[in-house]
file final_38.pdb (PDB, C-alpha atoms)
ATOM      1  CA  MET A   1      13.181  -3.922   4.781
ATOM      2  CA  SER A   2      16.640  -3.581   6.287
ATOM      3  CA  LYS A   3      18.017  -6.061   3.758
ATOM      4  CA  PHE A   4      17.293  -3.384   1.127
ATOM      5  CA  GLY A   5      18.971  -0.635   3.158
ATOM      6  CA  ILE A   6      15.638   0.737   4.440
ATOM      7  CA  TYR A   7      15.454   1.250   8.203
ATOM      8  CA  ARG A   8      13.268   2.807  10.879
ATOM      9  CA  ASN A   9      12.413   6.434  10.063
ATOM     10  CA  ASP A  10      13.369   5.990   6.388
ATOM     11  CA  ARG A  11      10.476   6.877   4.123
ATOM     12  CA  CYS A  12       9.209   4.298   1.663
ATOM     13  CA  ALA A  13       6.606   5.204  -0.966
ATOM     14  CA  LEU A  14       4.039   2.732  -2.232
ATOM     15  CA  LEU A  15       2.870   3.223  -5.820
ATOM     16  CA  LEU A  16       0.468   0.303  -6.154
ATOM     17  CA  GLU A  17      -3.126  -0.367  -7.184
ATOM     18  CA  ASN A  18      -5.656  -0.804  -4.364
ATOM     19  CA  GLY A  19      -5.942  -4.412  -3.282
ATOM     20  CA  PRO A  20      -4.745  -6.964  -0.745
ATOM     21  CA  GLU A  21      -1.062  -6.573  -1.663
ATOM     22  CA  LEU A  22      -1.216  -2.807  -1.095
ATOM     23  CA  ALA A  23      -3.018  -3.351   2.235
ATOM     24  CA  CYS A  24      -0.303  -5.740   3.420
ATOM     25  CA  ALA A  25       2.478  -3.495   2.055
ATOM     26  CA  VAL A  26       1.043  -0.541   4.036
ATOM     27  CA  LEU A  27       1.154  -2.639   7.216
ATOM     28  CA  LEU A  28       4.703  -3.864   6.467
ATOM     29  CA  CYS A  29       5.996  -0.360   5.885
ATOM     30  CA  MET A  30       4.210   1.145   8.897
ATOM     31  CA  ALA A  31       5.778  -1.548  11.085
ATOM     32  CA  ARG A  32       9.348  -1.254   9.747
ATOM     33  CA  CYS A  33       9.841   2.279   8.337
ATOM     34  CA  THR A  34       7.670   5.270   7.392
ATOM     35  CA  CYS A  35       4.983   4.451   4.839
ATOM     36  CA  VAL A  36       4.121   7.017   2.156
ATOM     37  CA  PRO A  37       1.270   5.639   0.017
ATOM     38  CA  ILE A  38       0.828   7.575  -3.236
ATOM     39  CA  ASN A  39      -2.202   7.672  -5.526
ATOM     40  CA  ILE A  40      -1.111   5.779  -8.644
ATOM     41  CA  GLN A  41      -3.664   7.768 -10.708
ATOM     42  CA  GLN A  42      -1.707  11.025 -10.273
ATOM     43  CA  THR A  43       0.441  12.442 -13.044
ATOM     44  CA  SER A  44       4.166  11.686 -13.152
ATOM     45  CA  PRO A  45       5.096  15.225 -11.986
ATOM     46  CA  GLU A  46       2.665  14.940  -9.038
ATOM     47  CA  ILE A  47       4.105  11.570  -8.002
ATOM     48  CA  ARG A  48       7.641  12.888  -8.401
ATOM     49  CA  ALA A  49       6.785  15.929  -6.254
ATOM     50  CA  GLU A  50       5.418  13.676  -3.490
ATOM     51  CA  LEU A  51       8.544  11.485  -3.557
ATOM     52  CA  HIS A  52      10.776  14.545  -3.376
ATOM     53  CA  GLY A  53       8.649  16.437  -0.853
ATOM     54  CA  THR A  54       8.484  13.548   1.592
ATOM     55  CA  GLY A  55      12.165  12.611   1.213
ATOM     56  CA  CYS A  56      11.443   9.029   0.225
ATOM     57  CA  LYS A  57      14.435   6.708   0.178
ATOM     58  CA  ALA A  58      12.568   3.861  -1.520
ATOM     59  CA  LEU A  59       9.651   3.254  -3.865
ATOM     60  CA  ILE A  60       7.713   0.007  -4.153
ATOM     61  CA  VAL A  61       6.035  -0.646  -7.517
ATOM     62  CA  GLN A  62       4.098  -3.620  -8.884
ATOM     63  CA  GLU A  63       6.020  -6.239 -10.828
ATOM     64  CA  GLY A  64       5.488  -5.557 -14.521
ATOM     65  CA  GLN A  65       4.975  -1.809 -14.029
ATOM     66  CA  ASP A  66       6.013   0.277 -17.057
ATOM     67  CA  LEU A  67       9.736   0.728 -16.360
ATOM     68  CA  HIS A  68      10.044   3.814 -18.587
ATOM     69  CA  TRP A  69       7.297   5.497 -16.554
ATOM     70  CA  VAL A  70       9.008   4.570 -13.253
ATOM     71  CA  ARG A  71      12.375   5.831 -14.568
ATOM     72  CA  SER A  72      10.800   9.152 -15.579
ATOM     73  CA  ILE A  73       9.388   9.558 -12.057
ATOM     74  CA  ILE A  74      12.604   8.803 -10.149
ATOM     75  CA  GLU A  75      15.131  10.352 -12.547
ATOM     76  CA  GLY A  76      17.632  12.362 -10.494
ATOM     77  CA  LEU A  77      16.039  11.407  -7.148
ATOM     78  CA  PRO A  78      17.982   9.303  -4.607
ATOM     79  CA  VAL A  79      15.248   6.643  -4.547
ATOM     80  CA  ARG A  80      15.735   2.874  -4.548
ATOM     81  CA  VAL A  81      13.051   0.927  -6.378
ATOM     82  CA  LEU A  82      11.663  -2.409  -5.256
ATOM     83  CA  GLN A  83       9.223  -4.551  -7.193
ATOM     84  CA  LEU A  84       6.341  -6.205  -5.388
ATOM     85  CA  VAL A  85       5.850  -9.728  -6.755
ATOM     86  CA  PRO A  86       2.452 -11.135  -5.700
ATOM     87  CA  ASP A  87       2.128 -14.751  -4.631
ATOM     88  CA  SER A  88       0.379 -16.769  -7.340
ATOM     89  CA  ILE A  89      -1.887 -18.527  -4.826
ATOM     90  CA  THR A  90      -2.607 -16.316  -1.794
ATOM     91  CA  ALA A  91      -3.911 -12.750  -2.031
ATOM     92  CA  GLY A  92      -1.894 -10.276   0.052
ATOM     93  CA  ILE A  93       1.263 -12.384   0.154
ATOM     94  CA  PHE A  94       4.189 -11.023  -1.847
ATOM     95  CA  SER A  95       7.965 -10.820  -2.169
ATOM     96  CA  LEU A  96      10.050  -7.724  -2.713
ATOM     97  CA  VAL A  97      12.889  -7.798  -5.219
ATOM     98  CA  PRO A  98      15.389  -5.086  -6.234
ATOM     99  CA  TRP A  99      14.532  -3.338  -9.481
ATOM    100  CA  ASP A 100      17.901  -1.845 -10.325
ATOM    101  CA  ALA A 101      21.621  -2.289  -9.697
ATOM    102  CA  ALA A 102      21.745   0.399  -6.961
ATOM    103  CA  THR A 103      18.923  -1.277  -5.031
ATOM    104  CA  LEU A 104      20.527  -4.691  -5.522
ATOM    105  CA  ALA A 105      23.859  -3.370  -4.178
ATOM    106  CA  ALA A 106      22.072  -1.783  -1.187
ATOM    107  CA  SER A 107      20.244  -5.065  -0.610
ATOM    108  CA  GLU A 108      23.481  -7.053  -0.545
ATOM    109  CA  ALA A 109      25.150  -4.472   1.716
ATOM    110  CA  GLY A 110      22.054  -4.400   3.942
ATOM    111  CA  VAL A 111      22.132  -8.179   4.441
ATOM    112  CA  GLU A 112      25.822  -8.018   5.394
ATOM    113  CA  GLN A 113      25.218  -5.045   7.719
ATOM    114  CA  CYS A 114      22.284  -6.820   9.418
ATOM    115  CA  ALA A 115      24.421  -9.901   9.989
ATOM    116  CA  ARG A 116      27.223  -7.792  11.535
ATOM    117  CA  LYS A 117      24.782  -5.882  13.793
ATOM    118  CA  GLN A 118      23.186  -9.127  14.978
ATOM    119  CA  GLU A 119      26.606 -10.580  15.778
ATOM    120  CA  LEU A 120      27.342  -7.498  17.881
ATOM    121  CA  GLY A 121      23.879  -7.560  19.451
ATOM    122  CA  ASN A 122      23.124  -4.042  18.195
ATOM    123  CA  GLU A 123      19.740  -3.656  16.512
ATOM    124  CA  THR A 124      19.747   0.162  16.335
ATOM    125  CA  GLY A 125      17.779   1.298  13.300
ATOM    126  CA  HIS A 126      16.689  -2.255  12.545
ATOM    127  CA  GLY A 127      13.574  -4.058  13.564
ATOM    128  CA  PHE A 128      10.154  -2.622  14.225
ATOM    129  CA  ASN A 129       9.025   0.953  14.770
ATOM    130  CA  SER A 130       8.547   2.152  18.322
ATOM    131  CA  PRO A 131       5.237   3.798  19.329
ATOM    132  CA  LEU A 132       6.618   7.320  18.865
ATOM    133  CA  ASP A 133       8.164   6.692  15.427
ATOM    134  CA  THR A 134       6.415   8.257  12.434
ATOM    135  CA  ALA A 135       4.850   5.244  10.745
ATOM    136  CA  LEU A 136       2.775   6.978   8.075
ATOM    137  CA  VAL A 137       2.910  10.205   6.074
ATOM    138  CA  LEU A 138      -0.104  11.209   3.985
ATOM    139  CA  HIS A 139      -0.763  14.265   1.861
ATOM    140  CA  THR A 140      -3.919  16.309   2.167
ATOM    141  CA  SER A 141      -5.969  16.674  -1.009
ATOM    142  CA  GLY A 142      -4.932  20.289  -1.487
ATOM    143  CA  THR A 143      -8.512  21.515  -1.985
ATOM    144  CA  SER A 144      -7.861  24.646   0.084
ATOM    145  CA  GLY A 145      -4.361  25.352  -1.196
ATOM    146  CA  ASN A 146      -1.149  23.387  -1.560
ATOM    147  CA  LYS A 147      -1.056  19.773  -0.406
ATOM    148  CA  LYS A 148       0.288  19.391   3.124
ATOM    149  CA  LYS A 149       2.200  16.478   4.656
ATOM    150  CA  VAL A 150       0.532  14.894   7.677
ATOM    151  CA  PRO A 151       2.708  12.571   9.818
ATOM    152  CA  TYR A 152       1.147   9.870  12.022
ATOM    153  CA  THR A 153       3.012   8.057  14.787
ATOM    154  CA  LEU A 154       2.524   4.338  15.265
ATOM    155  CA  GLU A 155       0.938   5.089  18.648
ATOM    156  CA  THR A 156      -1.623   7.444  17.072
ATOM    157  CA  LEU A 157      -2.555   4.822  14.476
ATOM    158  CA  CYS A 158      -2.937   2.078  17.094
ATOM    159  CA  VAL A 159      -5.059   4.270  19.386
ATOM    160  CA  GLY A 160      -7.247   5.227  16.418
ATOM    161  CA  ALA A 161      -7.702   1.567  15.449
ATOM    162  CA  ALA A 162      -8.571   0.665  19.069
ATOM    163  CA  CYS A 163     -11.189   3.438  19.161
ATOM    164  CA  ILE A 164     -12.832   2.179  15.957
ATOM    165  CA  ILE A 165     -12.793  -1.404  17.214
ATOM    166  CA  ASP A 166     -14.424  -0.303  20.477
ATOM    167  CA  SER A 167     -16.978   2.087  18.962
ATOM    168  CA  TRP A 168     -18.117  -0.461  16.381
ATOM    169  CA  GLY A 169     -18.040  -3.330  18.889
ATOM    170  CA  LEU A 170     -15.821  -5.402  16.609
ATOM    171  CA  VAL A 171     -14.644  -8.847  17.670
ATOM    172  CA  ALA A 172     -12.053 -11.207  16.174
ATOM    173  CA  GLU A 173     -14.690 -13.062  14.121
ATOM    174  CA  ASP A 174     -15.896  -9.908  12.333
ATOM    175  CA  VAL A 175     -14.921  -9.186   8.745
ATOM    176  CA  CYS A 176     -14.928  -5.599   7.487
ATOM    177  CA  LEU A 177     -14.911  -4.363   3.896
ATOM    178  CA  ASN A 178     -12.821  -1.259   3.204
ATOM    179  CA  MET A 179     -14.225   0.773   0.313
ATOM    180  CA  MET A 180     -11.767   3.664   0.678
ATOM    181  CA  PRO A 181      -8.465   3.981  -1.233
ATOM    182  CA  LEU A 182      -5.298   3.100   0.676
ATOM    183  CA  PHE A 183      -3.550   6.380  -0.094
ATOM    184  CA  HIS A 184      -6.287   8.266   1.784
ATOM    185  CA  VAL A 185      -6.662   8.817   5.527
ATOM    186  CA  GLY A 186     -10.134   7.231   5.431
ATOM    187  CA  GLY A 187      -8.828   4.025   3.895
ATOM    188  CA  ILE A 188      -5.984   3.589   6.354
ATOM    189  CA  THR A 189      -6.951   5.123   9.681
ATOM    190  CA  ARG A 190     -10.734   4.978   9.661
ATOM    191  CA  ASN A 191     -11.329   1.478   8.306
TER     192      ASN A 191
END

call {"tool": "encode", "arguments": {"input": "final_38.pdb", "output": "structure tokens"}}
result
Amino acid sequence: MSKFGIYRNDRCALLLENGPELACAVLLCMARCTCVPINIQQTSPEIRAELHGTGCKALIVQEGQDLHWVRSIIEGLPVRVLQLVPDSITAGIFSLVPWDAATLAASEAGVEQCARKQELGNETGHGFNSPLDTALVLHTSGTSGNKKKVPYTLETLCVGAACIIDSWGLVAEDVCLNMMPLFHVGGITRN
């Protein structure tokens, strides 16, 4: 993510359909920055409000997404857009490519900055999240009032996953099917 100018503690929204690419993108973002999955079925103003309210620096959309719709959502917001390009053979594998000139410029600057930091041996802000970094931000449904932002640290997510693994007696050979959406707490932290 750092090659696109997105670092630890930067917030990156995912506006993707449920599926293996979204699942892998959630894991990528939770490991490298702060993941903000957004329900793609919301209206443009609702999506825009979530981007603004969470302070997202980047937005990942599916390759081929309606560019006019994306432009209307991000207009006036300081958000870089990346396109997720799925692998044609393997589900869940994808590449990220810049969508616009600003993201492309940040990507080129990010690659140069990463190279300079590595030469100096300074990885500050680069690399993987630490246990106490906020890895995920979700919104409540808003059924009892306004939607609220709920931050989750990487440590909290890992402890939760360990508890589910233990309580269900899961082993490495088990395969689980997640029926919950990946913008919802149940789809990410309970499955």

call {"tool": "residues_near_point", "arguments": {"input": "final_38.pdb", "point": "(10.0, 4.1, 3.6)", "cutoff": "12 Å", "atoms": "only C-alpha atoms", "output": "number ranges by chain"}}
result
A: 1-2, 4-15, 25-38, 51, 54-60, 79-82, 129, 134-137

call {"tool": "resolve_selection", "arguments": {"input": "final_38.pdb", "expression": "the PyMOL selection byres ((chain A and resi 147-158) around 7)", "output": "number ranges by chain"}}
result
A: 131-142, 145-146, 159-162, 189

call {"tool": "atom_distance", "arguments": {"input": "final_38.pdb", "atom1": "atom CA of A:Val70", "atom2": "atom CA of A:Asn39"}}
result
14.0 Å

call {"tool": "atom_distance", "arguments": {"input": "final_38.pdb", "atom1": "atom CA of A:Ser72", "atom2": "atom CA of A:Glu21"}}
result
24.1 Å

call {"tool": "closest_residue", "arguments": {"input": "final_38.pdb", "among": "A:Ser88, A:Lys3, A:Pro181, A:Pro98", "to": "A:Leu16", "atoms": "only C-alpha atoms"}}
result
A:Pro181

call {"tool": "closest_residue", "arguments": {"input": "final_38.pdb", "among": "A:Pro86, A:Gly53, A:Ile73, A:Leu67", "to": "A:Asp100", "atoms": "only C-alpha atoms"}}
result
A:Leu67

call {"tool": "closest_residue", "arguments": {"input": "final_38.pdb", "among": "A:Ile188, A:Phe183, A:Thr143, A:Asp66", "to": "A:Gln41", "atoms": "all atoms listed in the file"}}
result
A:Phe183

call {"tool": "atom_distance", "arguments": {"input": "final_38.pdb", "atom1": "atom CA of A:His52", "atom2": "atom CA of A:Gly76"}}
result
10.1 Å

call {"tool": "closest_residue", "arguments": {"input": "final_38.pdb", "among": "A:Glu50, A:Glu17, A:Glu63, A:Asp174", "to": "A:Asp87", "atoms": "only C-alpha atoms"}}
result
A:Glu63

call {"tool": "build_atoms", "arguments": {"input": "final_38.pdb", "residues": "stretch 77-89 of chain A", "atoms": "N, CA and C atoms", "output": "compact mmCIF listing (two decimals), in the frame of the given file"}}
result
# COMPACT_ATOMS: atom_id res chain seq x y z
N LEU A 77 16.37 11.50 -8.58
CA LEU A 77 16.04 11.41 -7.15
C LEU A 77 16.81 10.25 -6.52
N PRO A 78 17.26 10.39 -5.28
CA PRO A 78 17.98 9.30 -4.61
C PRO A 78 17.02 8.26 -4.04
N VAL A 79 16.30 7.59 -4.94
CA VAL A 79 15.25 6.64 -4.55
C VAL A 79 15.59 5.25 -5.06
N ARG A 80 15.57 4.28 -4.16
CA ARG A 80 15.74 2.87 -4.55
C ARG A 80 14.37 2.32 -4.91
N VAL A 81 14.33 1.49 -5.93
CA VAL A 81 13.05 0.93 -6.38
C VAL A 81 13.03 -0.57 -6.11
N LEU A 82 11.92 -0.99 -5.50
CA LEU A 82 11.66 -2.41 -5.26
C LEU A 82 10.41 -2.81 -6.01
N GLN A 83 10.41 -4.02 -6.53
CA GLN A 83 9.22 -4.55 -7.19
C GLN A 83 8.49 -5.49 -6.25
N LEU A 84 7.18 -5.31 -6.17
CA LEU A 84 6.34 -6.20 -5.39
C LEU A 84 5.89 -7.32 -6.32
N VAL A 85 6.21 -8.56 -5.95
CA VAL A 85 5.85 -9.73 -6.76
C VAL A 85 4.79 -10.51 -5.98
N PRO A 86 3.52 -10.45 -6.43
CA PRO A 86 2.45 -11.14 -5.70
C PRO A 86 2.61 -12.65 -5.75
N ASP A 87 2.17 -13.30 -4.68
CA ASP A 87 2.13 -14.75 -4.63
C ASP A 87 1.06 -15.22 -5.62
N SER A 88 1.32 -16.30 -6.32
CA SER A 88 0.38 -16.77 -7.34
C SER A 88 -0.83 -17.47 -6.74
N ILE A 89 -0.79 -17.78 -5.44
CA ILE A 89 -1.89 -18.53 -4.83
C ILE A 89 -2.66 -17.71 -3.79
